[in-house]
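> This is model18.tsv (TSV, C-alpha atoms and all ligand atoms).
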chain	number	residue	atom	x	y	z
A	1	MET	CA	-45.22	75.50	57.91
A	2	GLY	CA	-42.20	76.88	56.06
A	3	ASN	CA	-40.93	73.34	55.89
A	4	SER	CA	-43.92	71.87	54.11
A	5	GLU	CA	-43.89	74.73	51.62
A	6	THR	CA	-40.19	74.10	50.94
A	7	ARG	CA	-40.86	70.41	50.48
A	8	ARG	CA	-43.73	71.09	48.10
A	9	LYS	CA	-41.57	73.40	46.02
A	10	ALA	CA	-38.73	70.88	45.97
A	11	ALA	CA	-41.15	68.23	44.70
A	12	VAL	CA	-42.32	70.52	41.88
A	13	VAL	CA	-38.71	71.20	40.87
A	14	ARG	CA	-37.95	67.46	40.87
A	15	ARG	CA	-40.94	66.76	38.64
A	16	GLU	CA	-39.79	69.36	36.15
A	17	ARG	CA	-36.29	67.90	36.10
A	18	ILE	CA	-37.69	64.40	35.57
A	19	ARG	CA	-39.91	65.55	32.71
A	20	ALA	CA	-36.88	67.15	31.08
A	21	LYS	CA	-35.07	63.79	31.33
A	22	THR	CA	-38.00	61.83	29.90
A	23	ALA	CA	-37.49	62.27	26.15
A	24	ALA	CA	-33.92	60.98	26.29
A	25	ALA	CA	-34.81	58.24	28.76
A	26	MET	CA	-37.19	56.40	26.45
A	27	ARG	CA	-34.82	56.17	23.52
A	28	GLY	CA	-33.57	52.78	24.64
A	29	ALA	CA	-37.01	51.22	25.06
A	30	GLY	CA	-36.80	49.01	21.96
A	31	GLU	CA	-39.48	46.73	20.64
A	32	ARG	CA	-39.69	44.45	23.62
A	33	PRO	CA	-39.45	46.70	26.63
A	34	ARG	CA	-38.51	45.06	29.91
A	35	PHE	CA	-39.09	46.62	33.28
A	36	VAL	CA	-38.05	46.79	36.88
A	37	ALA	CA	-40.75	48.13	39.20
A	38	ASP	CA	-40.00	49.94	42.43
A	39	VAL	CA	-41.06	48.56	45.82
A	40	MET	CA	-44.38	50.46	45.86
A	41	LEU	CA	-45.60	48.89	42.63
A	42	GLY	CA	-46.36	45.25	43.48
A	43	LYS	CA	-49.86	45.41	42.07
A	44	LEU	CA	-48.74	47.04	38.83
A	45	ALA	CA	-45.95	44.45	38.44
A	46	LYS	CA	-48.50	41.65	38.74
A	47	TRP	CA	-50.77	43.20	36.12
A	48	LEU	CA	-47.90	43.76	33.72
A	49	ARG	CA	-46.97	40.10	34.13
A	50	ILE	CA	-50.56	39.05	33.39
A	51	ALA	CA	-50.18	41.05	30.16
A	52	GLY	CA	-46.95	39.17	29.43
A	53	PHE	CA	-44.36	41.86	30.15
A	54	ASP	CA	-41.02	40.93	31.68
A	55	VAL	CA	-41.05	42.78	35.03
A	56	LEU	CA	-38.66	42.37	37.91
A	57	TYR	CA	-40.18	43.20	41.27
A	58	SER	CA	-39.35	42.65	44.90
A	59	ASN	CA	-40.48	44.63	47.91
A	60	ARG	CA	-36.91	44.26	49.19
A	61	TYR	CA	-35.06	46.00	46.34
A	62	SER	CA	-33.15	49.04	47.56
A	63	ASP	CA	-33.08	52.17	45.38
A	64	ASP	CA	-29.49	51.33	44.42
A	65	ALA	CA	-30.49	47.80	43.43
A	66	LEU	CA	-33.35	49.11	41.28
A	67	ILE	CA	-31.03	51.50	39.45
A	68	ALA	CA	-28.36	48.82	38.98
A	69	LEU	CA	-30.90	46.35	37.53
A	70	SER	CA	-32.24	49.02	35.21
A	71	ASN	CA	-28.81	50.02	33.93
A	72	LYS	CA	-27.22	46.56	33.75
A	73	GLU	CA	-30.14	44.74	32.15
A	74	GLY	CA	-31.52	47.59	30.05
A	75	ARG	CA	-34.77	47.57	32.02
A	76	ILE	CA	-37.06	50.57	32.22
A	77	LEU	CA	-37.38	51.65	35.85
A	78	LEU	CA	-41.02	52.22	36.79
A	79	SER	CA	-41.63	54.54	39.71
A	80	LEU	CA	-43.85	57.13	41.31
A	81	ASP	CA	-40.96	58.38	43.39
A	82	SER	CA	-39.52	61.63	42.08
A	83	ARG	CA	-36.65	61.48	44.61
A	84	LEU	CA	-35.53	58.21	43.04
A	85	LEU	CA	-35.99	59.19	39.40
A	86	VAL	CA	-34.27	62.53	39.70
A	87	ARG	CA	-30.98	60.78	40.57
A	88	LYS	CA	-28.31	61.14	37.90
A	89	SER	CA	-27.65	57.41	37.66
A	90	VAL	CA	-31.27	56.81	36.59
A	91	LYS	CA	-31.19	56.75	32.79
A	92	ASN	CA	-34.06	54.60	31.57
A	93	PHE	CA	-37.38	55.15	33.34
A	94	ILE	CA	-41.05	56.00	33.22
A	95	PHE	CA	-42.35	58.47	35.79
A	96	LEU	CA	-45.86	57.16	36.42
A	97	GLU	CA	-47.17	60.26	38.24
A	98	SER	CA	-50.58	58.66	38.89
A	99	GLY	CA	-51.34	56.15	41.64
A	100	ASN	CA	-54.21	54.76	39.54
A	101	LEU	CA	-53.44	51.32	38.11
A	102	GLU	CA	-55.20	51.82	34.77
A	103	ASP	CA	-53.52	55.20	34.25
A	104	GLN	CA	-50.17	53.62	35.03
A	105	ILE	CA	-50.63	50.83	32.47
A	106	LYS	CA	-51.80	53.32	29.84
A	107	ARG	CA	-48.82	55.50	30.50
A	108	ILE	CA	-46.47	52.54	30.07
A	109	LEU	CA	-48.11	51.42	26.81
A	110	GLU	CA	-47.97	54.92	25.39
A	111	SER	CA	-44.47	55.73	26.59
A	112	THR	CA	-43.09	52.53	25.04
A	113	HIS	CA	-45.29	52.79	21.92
A	114	SER	CA	-46.65	49.34	22.66
A	115	GLY	CA	-49.71	48.81	20.46
A	116	MET	CA	-50.50	45.53	22.18
A	117	PHE	CA	-49.62	43.36	25.14
A	118	PRO	CA	-46.70	40.98	24.54
A	119	SER	CA	-48.36	37.71	25.45
A	120	PRO	CA	-51.13	37.65	28.04
A	121	LEU	CA	-51.17	34.71	30.43
A	122	SER	CA	-47.69	33.49	29.53
A	123	ARG	CA	-45.84	34.30	32.77
A	124	CYS	CA	-45.82	33.23	36.39
A	125	LEU	CA	-47.31	36.06	38.44
A	126	SER	CA	-44.97	35.33	41.34
A	127	CYS	CA	-41.67	34.64	39.55
A	128	ASN	CA	-41.95	36.45	36.19
A	129	GLU	CA	-40.82	33.21	34.48
A	130	ILE	CA	-42.29	32.11	31.14
A	131	LEU	CA	-44.69	29.21	31.74
A	132	ALA	CA	-44.12	25.90	29.99
A	133	ASP	CA	-46.83	23.60	28.61
A	134	VAL	CA	-47.14	20.36	30.56
A	135	PRO	CA	-49.05	17.17	29.69
A	136	ARG	CA	-52.52	17.17	31.22
A	137	GLU	CA	-52.00	13.78	32.84
A	138	SER	CA	-48.96	15.07	34.75
A	139	VAL	CA	-51.03	17.52	36.81
A	140	ARG	CA	-53.83	15.11	37.80
A	141	ASP	CA	-52.78	15.08	41.45
A	142	ARG	CA	-51.72	18.69	41.56
A	143	VAL	CA	-54.93	20.56	40.72
A	144	PRO	CA	-58.47	20.34	42.14
A	145	ALA	CA	-60.44	17.43	40.65
A	146	TYR	CA	-63.05	19.67	39.00
A	147	VAL	CA	-60.30	21.74	37.38
A	148	PHE	CA	-58.70	18.59	35.99
A	149	ARG	CA	-62.07	17.46	34.63
A	150	THR	CA	-62.94	20.77	32.99
A	151	GLN	CA	-59.58	22.03	31.67
A	152	SER	CA	-57.62	20.56	28.78
A	153	HIS	CA	-54.43	22.70	28.85
A	154	PHE	CA	-52.06	23.28	31.72
A	155	LYS	CA	-48.83	25.22	32.15
A	156	ARG	CA	-46.18	25.10	34.82
A	157	CYS	CA	-43.75	27.68	36.18
A	158	PRO	CA	-40.22	26.29	35.80
A	159	GLN	CA	-39.13	28.22	38.89
A	160	CYS	CA	-41.79	27.71	41.56
A	161	GLY	CA	-43.59	24.74	40.00
A	162	LYS	CA	-47.01	26.34	40.27
A	163	ILE	CA	-49.58	24.99	37.79
A	164	PHE	CA	-51.65	27.43	35.73
A	165	TRP	CA	-54.79	26.89	33.67
A	166	SER	CA	-57.06	29.30	31.90
A	167	GLY	CA	-59.11	30.03	35.00
A	168	THR	CA	-56.05	30.99	37.00
A	169	HIS	CA	-55.96	34.48	35.63
A	170	SER	CA	-59.54	35.61	35.77
A	171	ARG	CA	-61.49	36.58	32.68
A	172	LYS	CA	-62.20	39.84	34.41
A	173	ALA	CA	-58.48	40.66	34.41
A	174	LEU	CA	-58.27	40.03	30.68
A	175	LYS	CA	-61.31	42.19	30.08
A	176	THR	CA	-59.71	45.00	32.06
A	177	LEU	CA	-56.53	44.72	29.96
A	178	ASP	CA	-58.57	44.72	26.75
A	179	LYS	CA	-60.35	47.87	27.81
A	180	ILE	CA	-57.10	49.63	28.66
A	181	LEU	CA	-55.66	48.72	25.27
A	182	ALA	CA	-58.79	49.95	23.47
A	183	ASP	CA	-58.59	53.27	25.35
A	184	VAL	CA	-54.93	53.71	24.40
A	185	ARG	CA	-55.60	52.89	20.75
A	186	SER	CA	-58.50	55.31	20.52
A	187	ARG	CA	-56.40	58.04	22.11
A	188	GLU	CA	-53.70	57.55	19.47
A	189	HIS	CA	-56.23	58.70	16.91
A	190	ASP	CA	-57.20	61.67	19.03
A	191	PRO	CA	-54.27	64.09	19.21
A	192	ALA	CA	-55.82	66.22	21.92
A	193	GLY	CA	-56.25	63.19	24.16
A	194	ALA	CA	-52.76	61.91	23.43
A	195	SER	CA	-50.94	65.13	24.18
A	196	PHE	CA	-50.77	64.73	27.92
A	197	LEU	CA	-48.32	61.88	27.45
A	198	GLN	CA	-45.85	63.82	25.38
A	199	PRO	CA	-42.89	65.15	27.32
A	200	THR	CA	-43.69	68.63	28.50
A	201	ARG	CA	-41.48	71.12	26.72
A	202	ARG	CA	-40.81	74.46	28.28
A	203	ALA	CA	-39.14	77.40	26.68
A	301	ZN	ZN	-43.36	30.82	39.53
Would you write the structure of this file as structure tokens?
Ligand SMILES: [Zn+2]

Amino acid sequence: MGNSETRRKAAVVRRERIRAKTAAAMRGAGERPRFVADVMLGKLAKWLRIAGFDVLYSNRYSDDALIALSNKEGRILLSLDSRLLVRKSVKNFIFLESGNLEDQIKRILESTHSGMFPSPLSRCLSCNEILADVPRESVRDRVPAYVFRTQSHFKRCPQCGKIFWSGTHSRKALKTLDKILADVRSREHDPAGASFLQPTRRA
């Protein structure tokens, strides 16, 4: 029982140390923030790619690899793991704190001062590559017949070759992103609501 109490206290201390790092950490975010997501965040990485963000993700990245990618490529490390973020070598990060997907996306938008999504539906969800337009005729044999009949524009991932059309990312996903953005924008005009995202300052 002493052990779990010690662990709980250690976690609280780590959180405080991470919050103290936060203000400095976001200085390098820039106008087009890029990310690397830790191994627990596959779902978040996919959603950020739907929104058009450049996000590296693999469930095989070690902690050291995540930190190296963040530091070498100027990517913001996204994580829920206070043990990872408290490490000295971690400079550029967002501590998500919540396991809820919508809360995580809101936190990222607000932390990076992103008033909109970069370019929804422009990236491969598997590879993170920017999709390229391809002539409709070239995909005739590569998509279901009814899709070919009903769609006029197609894109292709230069890495994995997968073909995308407007039904590939569901309308529901776009609606969800729209709602998240609207919530974030309305909170910007409501100081009380926005305050929870400011770095906690302690005397
Ligand atoms: Zn791909």
> Nearest residue to ligand ZN 301 (chain A) out of A:Cys124, A:Met116, A:Val184, A:Ile163, using all atoms listed in the file?
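The closest residue to ligand ZN 301 (chain A) is A:Cys124.
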> Using all atoms listed in the file, pick whichever of A:Phe95, A:Tyr57, A:Ala37, A:Gly42 has the shortest atom-to-atom distance to Lys21 of chain A.
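Checking each of A:Phe95, A:Tyr57, A:Ala37, A:Gly42 against Lys21 of chain A, counting all atoms listed in the file, the winner is A:Phe95.
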> From the options A:Asp64, A:Glu73, A:Asp38, A:Asp133, which residue's atoms come nearest to Trp165 of chain A, counting only C-alpha atoms?
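Closest to Trp165 of chain A, using only C-alpha atoms: A:Asp133.
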> Could you list the protein, DNA and RNA residues that have any atom within 10 Å of ligand ZN 301 (chain A), counting only C-alpha atoms and all ligand atoms, and write them as JSON, numbers by chain?
{"A": [123, 124, 125, 126, 127, 128, 129, 130, 131, 156, 157, 158, 159, 160, 161, 162, 163, 164]}
> Listing only residues of segment 13-92 of chain A within 12 Å of segment 169-180 of chain A, what is the closest atom pair and its distance in Å (to one decimal) for each, using only C-alpha atoms, sorted by chain and residue number ascending, as CSV?

residue,atom,partner,partner_atom,distance
A:Lys46,CA,A:His169,CA,10.8
A:Trp47,CA,A:Ala173,CA,8.3
A:Leu48,CA,A:Leu177,CA,9.5
A:Arg49,CA,A:His169,CA,10.7
A:Ile50,CA,A:His169,CA,7.4
A:Ala51,CA,A:Leu177,CA,7.3
A:Gly52,CA,A:Leu177,CA,11.1
> Produce a file of the selected residues containing C-alpha atoms, as a compact mmCIF listing (two decimals), keeping the file's coordinate frame.

# COMPACT_ATOMS: atom_id res chain seq x y z
CA LYS A 46 -48.50 41.65 38.74
CA TRP A 47 -50.77 43.20 36.12
CA LEU A 48 -47.90 43.76 33.72
CA ARG A 49 -46.97 40.10 34.13
CA ILE A 50 -50.56 39.05 33.39
CA ALA A 51 -50.18 41.05 30.16
CA GLY A 52 -46.95 39.17 29.43
> What is the distance, in Å and to one decimal place, between atom CA of Leu77 of chain A and atom CA of Leu44 of chain A?
12.6 Å
> Pick the closest to Arg19 of chain A from A:Ser82, A:Ser186, A:Thr150, A:Thr112: which is it, counting all atoms listed in the file?
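Under the stated criterion, the closest residue is A:Ser82.
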